[in-house]
Amino acid sequence: NAGVTQTPKFQVLKTGQSMTLQCAQDMNHNSMYWYRQDPGMGLRLIYYSASEGTTDKGEVPNGYNVSRLNKREFSLRLESAAPSQTSVYFCASSIRDTSGNTIYFGEGSWLTVV
Amino acid sequence: AQRVTQPEKLLSVFKGAPVELKCNYSYSGSPELFWYVQYSRQRLQLLLRHISRESIKGFTADLNKGETSFHLKKPFAQEEDSAMYYCALKVYGQNFVFGPGTRLSVLP
């Protein structure tokens, strides 16, 4: 009963380095998301994927790319990391069921760019 | 444009006191609102949603369409309620807009 799992949990990057955050969900959800969480800013949507094979930009997409590899997996890539990308990243997935809409979150990935 | 505001960044109350965390929204469609809670260094978890009209951990929230508000209330705060609280609005498709969050600190 893992829910949404994301890796790595902690990462330190040098400016200009690249990395990929991995996310997988085992709840058979169609929609998946990447958010970043910054103090005083709350959660801001980076990218989302309404279904397998589709991705769309959110509020703060610059500097990021995503891949919806299959229904389970949605990765976030930083091609050339910048200090402004220091943040906590949350992957999430959602479903609409008889109770309404619910979004489920991963545990977060703490990224520091130096 | 759709937006969620939470005017208080930090709210401190004493144990046993009532607590109200404010949330206002702007959305032209029919709103679907949620409260999420994040305990220290943990993932965000659903606390409650307006569509269910439920009470979780003693918390309730009522949607007031006239005032475009969805304030979270608890009559007697407990120390374990200390956490970050986010109000969220489901918008078009399966997208969710989150407020900036309110940190609740319940003092002994």
# chains A, B, ... in the order shown; residues from 1 in each chain; ligands from 1
>>> closest_atom_pairs(of="chain A", to="chain B", cutoff="9 Å", atoms="only C-alpha atoms", output="CSV")
residue,atom,partner,partner_atom,distance
A:Ser31,CA,B:Gln94,CA,6.9
A:Tyr33,CA,B:Asn95,CA,8.8
A:Pro39,CA,B:Pro100,CA,8.4
A:Gly40,CA,B:Pro100,CA,6.0
A:Met41,CA,B:Pro100,CA,5.1
A:Gly42,CA,B:Pro100,CA,3.7
A:Leu43,CA,B:Phe98,CA,5.9
A:Arg44,CA,B:Phe98,CA,7.3
A:Leu45,CA,B:Val97,CA,7.9
A:Tyr48,CA,B:Asn95,CA,8.1
A:Ala50,CA,B:Gln94,CA,6.9
A:Phe90,CA,B:Arg43,CA,8.2
A:Ser94,CA,B:Gln94,CA,7.3
A:Ile95,CA,B:Gln94,CA,8.0
A:Arg96,CA,B:Gln94,CA,8.2
A:Ser99,CA,B:Ser52,CA,7.2
A:Gly100,CA,B:Ile51,CA,7.2
A:Asn101,CA,B:Lys90,CA,7.9
A:Thr102,CA,B:Leu46,CA,7.7
A:Ile103,CA,B:Leu46,CA,7.8
A:Tyr104,CA,B:Gln45,CA,7.1
A:Phe105,CA,B:Leu44,CA,6.0
A:Gly106,CA,B:Arg43,CA,6.0
A:Glu107,CA,B:Arg43,CA,4.5
A:Gly108,CA,B:Arg43,CA,6.5
>>> residues_around(residues="Glu20 of chain B", least_positions_apart="2", cutoff="9 Å", atoms="only C-alpha atoms", output="NGL selection string")
:B and (11 or 18 or 22 or 71-75)
>>> atom_distance(atom1="atom CA of Ala82 of chain A", atom2="atom CA of Ser49 of chain A")
24.2 Å
>>> select_by_dssp(residues="chain A", states="strand (DSSP E or B)", output="PyMOL selection string")
chain A and resi 4-7+10-13+19-25+31-38+42-49+56-57+64-68+73-78+87-97+100-105+109-113
>>> residues_around(residues="Val12 of chain A", least_positions_apart="3", cutoff="10 Å", atoms="only C-alpha atoms", output="PDB file with N, CA, C and O atoms, in the first residue's frame")
ATOM      1  N   THR A  15      25.298  24.151  -9.152  1.00  0.00           N
ATOM      2  CA  THR A  15      24.700  24.937 -10.228  1.00  0.00           C
ATOM      3  C   THR A  15      25.156  24.394 -11.576  1.00  0.00           C
ATOM      4  O   THR A  15      26.354  24.176 -11.790  1.00  0.00           O
ATOM      5  N   GLN A  17      24.319  21.443 -12.834  1.00  0.00           N
ATOM      6  CA  GLN A  17      24.157  19.989 -12.911  1.00  0.00           C
ATOM      7  C   GLN A  17      22.716  19.643 -13.270  1.00  0.00           C
ATOM      8  O   GLN A  17      21.795  20.454 -13.078  1.00  0.00           O
ATOM      9  N   THR A  86      16.240  25.535  -5.537  1.00  0.00           N
ATOM     10  CA  THR A  86      16.284  24.955  -4.193  1.00  0.00           C
ATOM     11  C   THR A  86      14.882  24.986  -3.608  1.00  0.00           C
ATOM     12  O   THR A  86      14.281  26.068  -3.493  1.00  0.00           O
ATOM     13  N   TRP A 110      13.760  16.876  -0.934  1.00  0.00           N
ATOM     14  CA  TRP A 110      14.426  18.127  -0.558  1.00  0.00           C
ATOM     15  C   TRP A 110      15.630  18.326  -1.475  1.00  0.00           C
ATOM     16  O   TRP A 110      16.591  17.547  -1.432  1.00  0.00           O
ATOM     17  N   LEU A 111      15.587  19.362  -2.280  1.00  0.00           N
ATOM     18  CA  LEU A 111      16.661  19.630  -3.238  1.00  0.00           C
ATOM     19  C   LEU A 111      17.343  20.935  -2.893  1.00  0.00           C
ATOM     20  O   LEU A 111      16.686  21.958  -2.727  1.00  0.00           O
ATOM     21  N   THR A 112      18.663  20.885  -2.792  1.00  0.00           N
ATOM     22  CA  THR A 112      19.459  22.087  -2.565  1.00  0.00           C
ATOM     23  C   THR A 112      20.413  22.258  -3.726  1.00  0.00           C
ATOM     24  O   THR A 112      21.138  21.321  -4.075  1.00  0.00           O
ATOM     25  N   VAL A 113      20.406  23.452  -4.324  1.00  0.00           N
ATOM     26  CA  VAL A 113      21.333  23.755  -5.421  1.00  0.00           C
ATOM     27  C   VAL A 113      22.323  24.806  -4.921  1.00  0.00           C
ATOM     28  O   VAL A 113      21.923  25.897  -4.501  1.00  0.00           O
ATOM     29  N   VAL A 114      23.601  24.451  -4.956  1.00  0.00           N
ATOM     30  CA  VAL A 114      24.621  25.366  -4.425  1.00  0.00           C
ATOM     31  C   VAL A 114      25.458  25.958  -5.546  1.00  0.00           C
ATOM     32  O   VAL A 114      25.463  25.452  -6.664  1.00  0.00           O
TER      33      VAL A 114
END
>>> atom_distance(atom1="atom CA of Glu52 of chain A", atom2="atom CA of Leu69 of chain A")
7.5 Å
>>> atom_distance(atom1="atom CA of Asn24 of chain B", atom2="atom CA of Pro108 of chain B")
29.1 Å
>>> closest_residue(among="B:Gly66, B:Glu79, B:Ser40, B:Leu89", to="Ser12 of chain B", atoms="only C-alpha atoms")
B:Glu79
